[in-house]
$ cat target-v4.json   # JSON, C-alpha atoms
[["chain", "number", "residue", "atom", "x", "y", "z"],
["S", 1325, "MET", "CA", 1.46, 39.00, -52.27],
["S", 1326, "ARG", "CA", 3.79, 39.42, -55.26],
["S", 1327, "ALA", "CA", 1.68, 39.76, -58.41],
["S", 1328, "PHE", "CA", 1.71, 40.68, -62.10],
["S", 1329, "LEU", "CA", -0.60, 40.94, -65.10],
["S", 1330, "ALA", "CA", 0.39, 38.90, -68.14],
["S", 1331, "ALA", "CA", -0.90, 37.69, -71.48],
["S", 1332, "ARG", "CA", -2.27, 34.18, -71.50],
["S", 1333, "PHE", "CA", -0.47, 31.97, -74.02],
["S", 1334, "ASN", "CA", -1.19, 28.73, -75.80],
["S", 1335, "PRO", "CA", 0.98, 25.57, -76.03],
["S", 1336, "PRO", "CA", 2.54, 26.46, -79.43],
["S", 1337, "LEU", "CA", 4.08, 29.60, -77.92],
["S", 1338, "GLU", "CA", 5.37, 27.58, -74.97],
["S", 1339, "ALA", "CA", 6.95, 25.21, -77.51],
["S", 1340, "ALA", "CA", 8.52, 28.19, -79.33],
["S", 1341, "ALA", "CA", 10.01, 29.39, -76.04],
["S", 1342, "ARG", "CA", 11.35, 25.90, -75.30],
["S", 1343, "ASN", "CA", 12.89, 25.71, -78.80],
["S", 1344, "ALA", "CA", 14.49, 29.14, -78.34],
["S", 1345, "GLN", "CA", 15.97, 28.04, -75.02],
["S", 1346, "ASP", "CA", 17.30, 24.84, -76.57],
["S", 1347, "ALA", "CA", 18.93, 26.83, -79.39],
["S", 1348, "LEU", "CA", 20.75, 29.05, -76.88],
["S", 1349, "LYS", "CA", 21.62, 26.62, -74.06],
["S", 1350, "GLY", "CA", 24.56, 25.02, -75.78],
["S", 1351, "ARG", "CA", 25.81, 28.33, -77.16],
["S", 1352, "SER", "CA", 25.48, 30.53, -74.05],
["S", 1353, "GLY", "CA", 28.59, 29.32, -72.23],
["S", 1354, "GLY", "CA", 26.66, 28.32, -69.12],
["S", 1355, "GLY", "CA", 25.84, 30.32, -66.04],
["S", 1356, "PHE", "CA", 22.14, 30.72, -66.89],
["S", 1357, "ARG", "CA", 19.12, 29.55, -64.94],
["S", 1358, "TRP", "CA", 16.58, 28.72, -67.64],
["S", 1359, "ALA", "CA", 12.88, 29.41, -67.06],
["S", 1360, "ARG", "CA", 10.49, 26.47, -67.12],
["S", 1361, "PRO", "CA", 8.56, 26.80, -70.44],
["S", 1362, "GLU", "CA", 5.17, 26.48, -68.73],
["S", 1363, "GLN", "CA", 6.08, 29.49, -66.56],
["S", 1364, "ILE", "CA", 7.12, 31.75, -69.47],
["S", 1365, "HIS", "CA", 4.77, 34.69, -70.01],
["S", 1366, "LEU", "CA", 4.50, 38.17, -71.51],
["S", 1367, "THR", "CA", 4.39, 40.48, -68.49],
["S", 1368, "LEU", "CA", 2.10, 43.41, -69.17],
["S", 1369, "ASN", "CA", 2.44, 45.01, -65.74],
["S", 1370, "PHE", "CA", 4.50, 43.87, -62.76],
["S", 1371, "LEU", "CA", 2.52, 44.94, -59.71],
["S", 1372, "GLY", "CA", 5.07, 43.98, -57.07],
["S", 1373, "ASP", "CA", 3.86, 43.27, -53.55],
["S", 1374, "ILE", "CA", 0.17, 44.10, -53.28],
["S", 1375, "PRO", "CA", -2.34, 43.59, -50.44],
["S", 1376, "GLU", "CA", -4.41, 40.45, -51.01],
["S", 1377, "GLY", "CA", -7.47, 42.37, -49.86],
["S", 1378, "ILE", "CA", -7.64, 44.37, -53.11],
["S", 1379, "ILE", "CA", -8.02, 41.31, -55.35],
["S", 1380, "PRO", "CA", -11.86, 41.30, -55.22],
["S", 1381, "GLN", "CA", -11.89, 44.88, -56.58],
["S", 1382, "LEU", "CA", -8.82, 44.63, -58.82],
["S", 1383, "CYS", "CA", -10.02, 41.67, -60.90],
["S", 1384, "PRO", "CA", -13.31, 43.28, -62.02],
["S", 1385, "ALA", "CA", -11.50, 46.56, -62.78],
["S", 1386, "VAL", "CA", -9.05, 44.75, -65.07],
["S", 1387, "ALA", "CA", -11.85, 42.70, -66.67],
["S", 1388, "THR", "CA", -13.87, 45.84, -67.43],
["S", 1389, "ALA", "CA", -10.80, 47.64, -68.82],
["S", 1390, "VAL", "CA", -10.00, 44.93, -71.37],
["S", 1391, "ALA", "CA", -13.50, 43.67, -72.23],
["S", 1392, "GLY", "CA", -14.00, 46.17, -75.07],
["S", 1393, "LEU", "CA", -10.59, 45.64, -76.65],
["S", 1394, "PRO", "CA", -10.39, 43.11, -79.49],
["S", 1395, "ALA", "CA", -8.07, 40.12, -79.26],
["S", 1396, "PHE", "CA", -5.03, 40.56, -81.49],
["S", 1397, "PRO", "CA", -2.12, 38.52, -82.89],
["S", 1398, "LEU", "CA", 1.42, 38.53, -81.56],
["S", 1399, "GLY", "CA", 4.43, 36.80, -83.05],
["S", 1400, "THR", "CA", 7.89, 35.79, -81.94],
["S", 1401, "ALA", "CA", 10.80, 37.96, -83.01],
["S", 1402, "GLU", "CA", 14.57, 38.08, -82.40],
["S", 1403, "TYR", "CA", 16.56, 37.09, -79.34],
["S", 1404, "GLY", "CA", 17.56, 39.86, -76.99],
["S", 1405, "ALA", "CA", 19.09, 40.54, -73.61],
["S", 1406, "PHE", "CA", 19.01, 43.02, -70.76],
["S", 1407, "PRO", "CA", 20.93, 45.23, -70.35],
["S", 1408, "ASP", "CA", 22.41, 44.25, -73.74],
["S", 1409, "SER", "CA", 23.77, 41.19, -75.55],
["S", 1410, "ALA", "CA", 27.38, 41.89, -74.48],
["S", 1411, "HIS", "CA", 26.45, 41.94, -70.77],
["S", 1412, "ALA", "CA", 23.40, 39.67, -70.70],
["S", 1413, "ARG", "CA", 21.84, 39.19, -67.29],
["S", 1414, "ILE", "CA", 18.44, 38.32, -68.77],
["S", 1415, "VAL", "CA", 18.02, 36.57, -72.12],
["S", 1416, "TRP", "CA", 14.69, 36.83, -73.90],
["S", 1417, "LEU", "CA", 12.66, 36.12, -76.99],
["S", 1418, "GLY", "CA", 11.16, 39.26, -78.48],
["S", 1419, "ILE", "CA", 7.48, 39.65, -79.31],
["S", 1420, "GLU", "CA", 6.20, 41.35, -82.47],
["S", 1421, "ASP", "CA", 2.91, 43.26, -82.40],
["S", 1422, "PRO", "CA", 1.95, 43.56, -86.11],
["S", 1423, "THR", "CA", -1.49, 45.11, -85.52],
["S", 1424, "LYS", "CA", -0.32, 47.44, -82.71],
["S", 1425, "GLY", "CA", -2.75, 45.92, -80.19],
["S", 1426, "LEU", "CA", -0.39, 46.23, -77.21],
["S", 1427, "PRO", "CA", -0.40, 50.04, -76.75],
["S", 1428, "PRO", "CA", -4.20, 50.31, -76.25],
["S", 1429, "LEU", "CA", -4.13, 47.27, -73.95],
["S", 1430, "LEU", "CA", -1.33, 48.74, -71.82],
["S", 1431, "THR", "CA", -3.15, 52.09, -71.65],
["S", 1432, "ALA", "CA", -6.37, 50.39, -70.53],
["S", 1433, "LEU", "CA", -4.53, 48.40, -67.85],
["S", 1434, "ASP", "CA", -2.74, 51.51, -66.62],
["S", 1435, "ALA", "CA", -6.10, 53.30, -66.24],
["S", 1436, "ALA", "CA", -7.57, 50.30, -64.38],
["S", 1437, "LEU", "CA", -4.64, 50.20, -61.94],
["S", 1438, "ARG", "CA", -4.42, 53.91, -61.13],
["S", 1439, "PRO", "CA", -7.26, 53.92, -58.54],
["S", 1440, "PHE", "CA", -5.39, 51.23, -56.60],
["S", 1441, "ALA", "CA", -2.17, 53.32, -56.52],
["S", 1442, "LEU", "CA", -0.20, 50.27, -57.58],
["S", 1443, "HIS", "CA", 3.40, 50.33, -58.77],
["S", 1444, "TRP", "CA", 3.96, 50.26, -62.49],
["S", 1445, "GLU", "CA", 7.16, 50.07, -64.42],
["S", 1446, "GLU", "CA", 8.86, 53.37, -65.23],
["S", 1447, "ARG", "CA", 11.08, 51.93, -67.97],
["S", 1448, "PRO", "CA", 9.78, 51.73, -71.54],
["S", 1449, "PHE", "CA", 7.80, 48.57, -72.25],
["S", 1450, "VAL", "CA", 9.70, 45.91, -74.23],
["S", 1451, "ALA", "CA", 7.49, 43.01, -75.31],
["S", 1452, "HIS", "CA", 9.47, 39.87, -74.52],
["S", 1453, "LEU", "CA", 9.43, 36.40, -73.01],
["S", 1454, "THR", "CA", 12.17, 35.88, -70.43],
["S", 1455, "LEU", "CA", 14.00, 32.65, -71.29],
["S", 1456, "GLY", "CA", 16.66, 32.72, -68.58],
["S", 1457, "ARG", "CA", 18.69, 34.74, -66.11],
["S", 1458, "HIS", "CA", 22.44, 34.73, -65.62],
["S", 1459, "ARG", "CA", 23.48, 33.61, -62.15],
["S", 1460, "THR", "CA", 26.26, 36.18, -61.76],
["S", 1461, "ALA", "CA", 27.42, 39.29, -63.61],
["S", 1462, "GLY", "CA", 26.19, 38.47, -67.10],
["S", 1463, "ALA", "CA", 27.57, 37.00, -70.30],
["S", 1464, "ASP", "CA", 28.37, 38.02, -73.85],
["S", 1465, "LEU", "CA", 25.59, 36.42, -75.89],
["S", 1466, "GLY", "CA", 26.27, 38.19, -79.20],
["S", 1467, "PRO", "CA", 28.06, 35.12, -80.65],
["S", 1468, "ALA", "CA", 25.32, 32.79, -79.32],
["S", 1469, "PHE", "CA", 22.59, 34.89, -80.94],
["S", 1470, "ARG", "CA", 24.43, 34.94, -84.28],
["S", 1471, "SER", "CA", 25.10, 31.19, -84.32],
["S", 1472, "ALA", "CA", 21.56, 30.29, -83.19],
["S", 1473, "GLY", "CA", 20.04, 32.29, -86.06],
["S", 1474, "ARG", "CA", 16.53, 33.74, -86.05],
["S", 1475, "PRO", "CA", 14.06, 31.87, -83.83],
["S", 1476, "CYS", "CA", 11.26, 29.97, -85.54],
["S", 1477, "ALA", "CA", 8.30, 32.27, -86.17],
["S", 1478, "THR", "CA", 5.23, 31.52, -84.07],
["S", 1479, "THR", "CA", 1.95, 33.42, -83.98],
["S", 1480, "HIS", "CA", -0.41, 33.67, -81.03],
["S", 1481, "LEU", "CA", -3.76, 35.38, -80.45],
["S", 1482, "LEU", "CA", -3.67, 37.47, -77.28],
["S", 1483, "ASP", "CA", -7.24, 36.94, -76.14],
["S", 1484, "ALA", "CA", -7.02, 37.32, -72.36],
["S", 1485, "VAL", "CA", -5.08, 38.99, -69.57],
["S", 1486, "ALA", "CA", -4.35, 37.01, -66.43],
["S", 1487, "LEU", "CA", -3.55, 38.05, -62.88],
["S", 1488, "TYR", "CA", -0.79, 35.89, -61.43],
["S", 1489, "ARG", "CA", 0.62, 35.39, -57.96],
["S", 1490, "SER", "CA", 4.39, 34.88, -58.07],
["S", 1491, "THR", "CA", 6.18, 33.02, -55.30],
["S", 1492, "LEU", "CA", 9.97, 32.99, -55.30],
["S", 1493, "ALA", "CA", 11.41, 29.54, -54.66],
["S", 1494, "PRO", "CA", 14.97, 28.12, -54.75],
["S", 1495, "SER", "CA", 14.12, 26.33, -58.02],
["S", 1496, "GLY", "CA", 12.83, 29.57, -59.57],
["S", 1497, "PRO", "CA", 9.59, 31.56, -59.40],
["S", 1498, "VAL", "CA", 6.27, 29.73, -59.30],
["S", 1499, "HIS", "CA", 3.37, 31.51, -60.98],
["S", 1500, "VAL", "CA", -0.24, 30.70, -60.13],
["S", 1501, "ARG", "CA", -3.07, 32.21, -62.14],
["S", 1502, "LEU", "CA", -5.66, 33.87, -59.90],
["S", 1503, "ALA", "CA", -8.02, 35.41, -62.48],
["S", 1504, "LEU", "CA", -8.55, 35.70, -66.21],
["S", 1505, "ALA", "CA", -9.98, 38.71, -68.06],
["S", 1506, "PRO", "CA", -10.95, 37.98, -71.67],
["S", 1507, "LEU", "CA", -10.66, 40.48, -74.49],
["S", 1508, "ALA", "CA", -13.45, 40.83, -77.08],
["S", 1509, "ALA", "CA", -13.54, 38.70, -80.20],
["S", 1510, "PRO", "CA", -10.99, 39.81, -82.81],
["S", 1511, "ARG", "CA", -12.20, 42.30, -85.40],
["S", 1512, "PRO", "CA", -12.71, 40.76, -88.84],
["S", 1513, "ALA", "CA", -10.17, 41.67, -91.50],
["S", 1514, "CYS", "CA", -11.50, 43.86, -94.32]]

$ encode --input "target-v4.json" --output "C-alpha cells"
Amino acid sequence: MRAFLAARFNPPLEAAARNAQDALKGRSGGGFRWARPEQIHLTLNFLGDIPEGIIPQLCPAVATAVAGLPAFPLGTAEYGAFPDSAHARIVWLGIEDPTKGLPPLLTALDAALRPFALHWEERPFVAHLTLGRHRTAGADLGPAFRSAGRPCATTHLLDAVALYRSTLAPSGPVHVRLALAPLAAPRPAC
C-alpha cells in the first residue's frame, strides 16, 4: 500500500490553497493538473509502498512519538516550484513555521519509523502544499508568481499527524486517512 504521514489541516487552510490555485490558474499558461483542495496536505514523510501488515504496529509507534510534542502554529508563505520557478513541474504554496515546531516533529517521526526500516526522503525537507503538477516538461512560472502577488496569509494549528493511504487514479491521487495521532495541547505563551 502506498502511504504517507501528513499534517491534518482545517477548512480555512483548504480555502487558502484553493485561493492560491485560483490566483495562479489564469496566469500559469495551462498545462497543469491542479490538486483537489480537499486532498491538499503537508507531507511530513512519504513512506512509499509499505506492507499493510505493519499498520497495527506503525500507528501506535507514531502516536507515541508525537504525543509529548505540543501543537504549534503554521502559516502560509510564498508560492514556489520544483525544481524552480523557471522550470516548474510542481507548483506549491510554502508553509511558515514561526515557532520552529516542525524540526522536533520530523525528528520524532524519523525515530518512530526507523524500527520499521521504511523509506524516508533523502532531500532536505521543504514545508509546502502541492497545488498542481505540470503535465509535461514544466513551465516558467516566475511571471505568474509576480503578477499573482503574495498569497493571503492563513494560520493553522498543527495538532495531529495522520497516516494516509494514497491510491493513484486517472483523475489524480485519492488520499484516505487511516489513523490520526494527536499532539499535546499547545504550550501557553509567556

$ axis_aligned_box --input "target-v4.json" --around "segment 1499-1504 of chain S" --padding-each-side "6 Å" --output "lines of an AutoDock Vina configuration file"
center_x = -2.6
center_y = 33.2
center_z = -63.1
size_x = 23.9
size_y = 17.0
size_z = 18.3

$ closest_residue --input "target-v4.json" --among "S:Cys1476, S:Val1500, S:Ala1432, S:Met1325" --to "Ile1378 of chain S" --atoms "all atoms listed in the file"
S:Met1325

$ closest_residue --input "target-v4.json" --among "S:Ala1410, S:Ala1509, S:Ala1359, S:Val1386" --to "Ala1341 of chain S" --atoms "all atoms listed in the file"
S:Ala1359

$ residues_near_point --input "target-v4.json" --point "(28.1, 27.2, -65.8)" --cutoff "12 Å" --atoms "all atoms listed in the file" --output "list in words"
Lys1349, Gly1350, Arg1351, Ser1352, Gly1353, Gly1354, Gly1355, Phe1356, Arg1357, Trp1358, His1458, Arg1459, Thr1460, Gly1462 and Ala1463 of chain S

$ closest_residue --input "target-v4.json" --among "S:Ala1385, S:Ala1340, S:Leu1487, S:Leu1481" --to "Leu1368 of chain S" --atoms "only C-alpha atoms"
S:Leu1487

$ decode --input "target-v4.json" --residues "segment 1387-1398 of chain S" --atoms "N, CA and C atoms" --output "mmCIF file, in the first residue's frame"
data_model
loop_
_atom_site.group_PDB
_atom_site.id
_atom_site.type_symbol
_atom_site.label_atom_id
_atom_site.label_comp_id
_atom_site.auth_asym_id
_atom_site.auth_seq_id
_atom_site.Cartn_x
_atom_site.Cartn_y
_atom_site.Cartn_z
ATOM 1 N N ALA S 1387 1.859 7.471 17.139
ATOM 2 C CA ALA S 1387 1.086 8.153 18.185
ATOM 3 C C ALA S 1387 1.947 8.423 19.419
ATOM 4 N N THR S 1388 2.726 7.454 19.827
ATOM 5 C CA THR S 1388 3.604 7.622 20.985
ATOM 6 C C THR S 1388 4.672 8.680 20.705
ATOM 7 N N ALA S 1389 5.211 8.686 19.502
ATOM 8 C CA ALA S 1389 6.278 9.631 19.143
ATOM 9 C C ALA S 1389 5.814 11.079 19.193
ATOM 10 N N VAL S 1390 4.569 11.347 18.837
ATOM 11 C CA VAL S 1390 4.104 12.737 18.764
ATOM 12 C C VAL S 1390 3.302 13.173 19.975
ATOM 13 N N ALA S 1391 2.899 12.245 20.837
ATOM 14 C CA ALA S 1391 2.015 12.567 21.957
ATOM 15 C C ALA S 1391 2.600 13.609 22.910
ATOM 16 N N GLY S 1392 3.899 13.626 23.097
ATOM 17 C CA GLY S 1392 4.510 14.580 24.022
ATOM 18 C C GLY S 1392 4.877 15.914 23.404
ATOM 19 N N LEU S 1393 4.721 16.034 22.099
ATOM 20 C CA LEU S 1393 5.056 17.288 21.421
ATOM 21 C C LEU S 1393 3.852 18.214 21.428
ATOM 22 N N PRO S 1394 4.057 19.504 21.732
ATOM 23 C CA PRO S 1394 2.918 20.421 21.733
ATOM 24 C C PRO S 1394 2.487 20.791 20.313
ATOM 25 N N ALA S 1395 1.178 20.994 20.150
ATOM 26 C CA ALA S 1395 0.662 21.521 18.888
ATOM 27 C C ALA S 1395 1.305 22.887 18.653
ATOM 28 N N PHE S 1396 1.437 23.276 17.385
ATOM 29 C CA PHE S 1396 2.102 24.540 17.077
ATOM 30 C C PHE S 1396 1.499 25.156 15.823
ATOM 31 N N PRO S 1397 1.648 26.494 15.676
ATOM 32 C CA PRO S 1397 1.052 27.172 14.522
ATOM 33 C C PRO S 1397 1.941 27.083 13.278
ATOM 34 N N LEU S 1398 1.275 27.033 12.151
ATOM 35 C CA LEU S 1398 1.916 27.138 10.842
ATOM 36 C C LEU S 1398 1.172 28.212 10.066
#
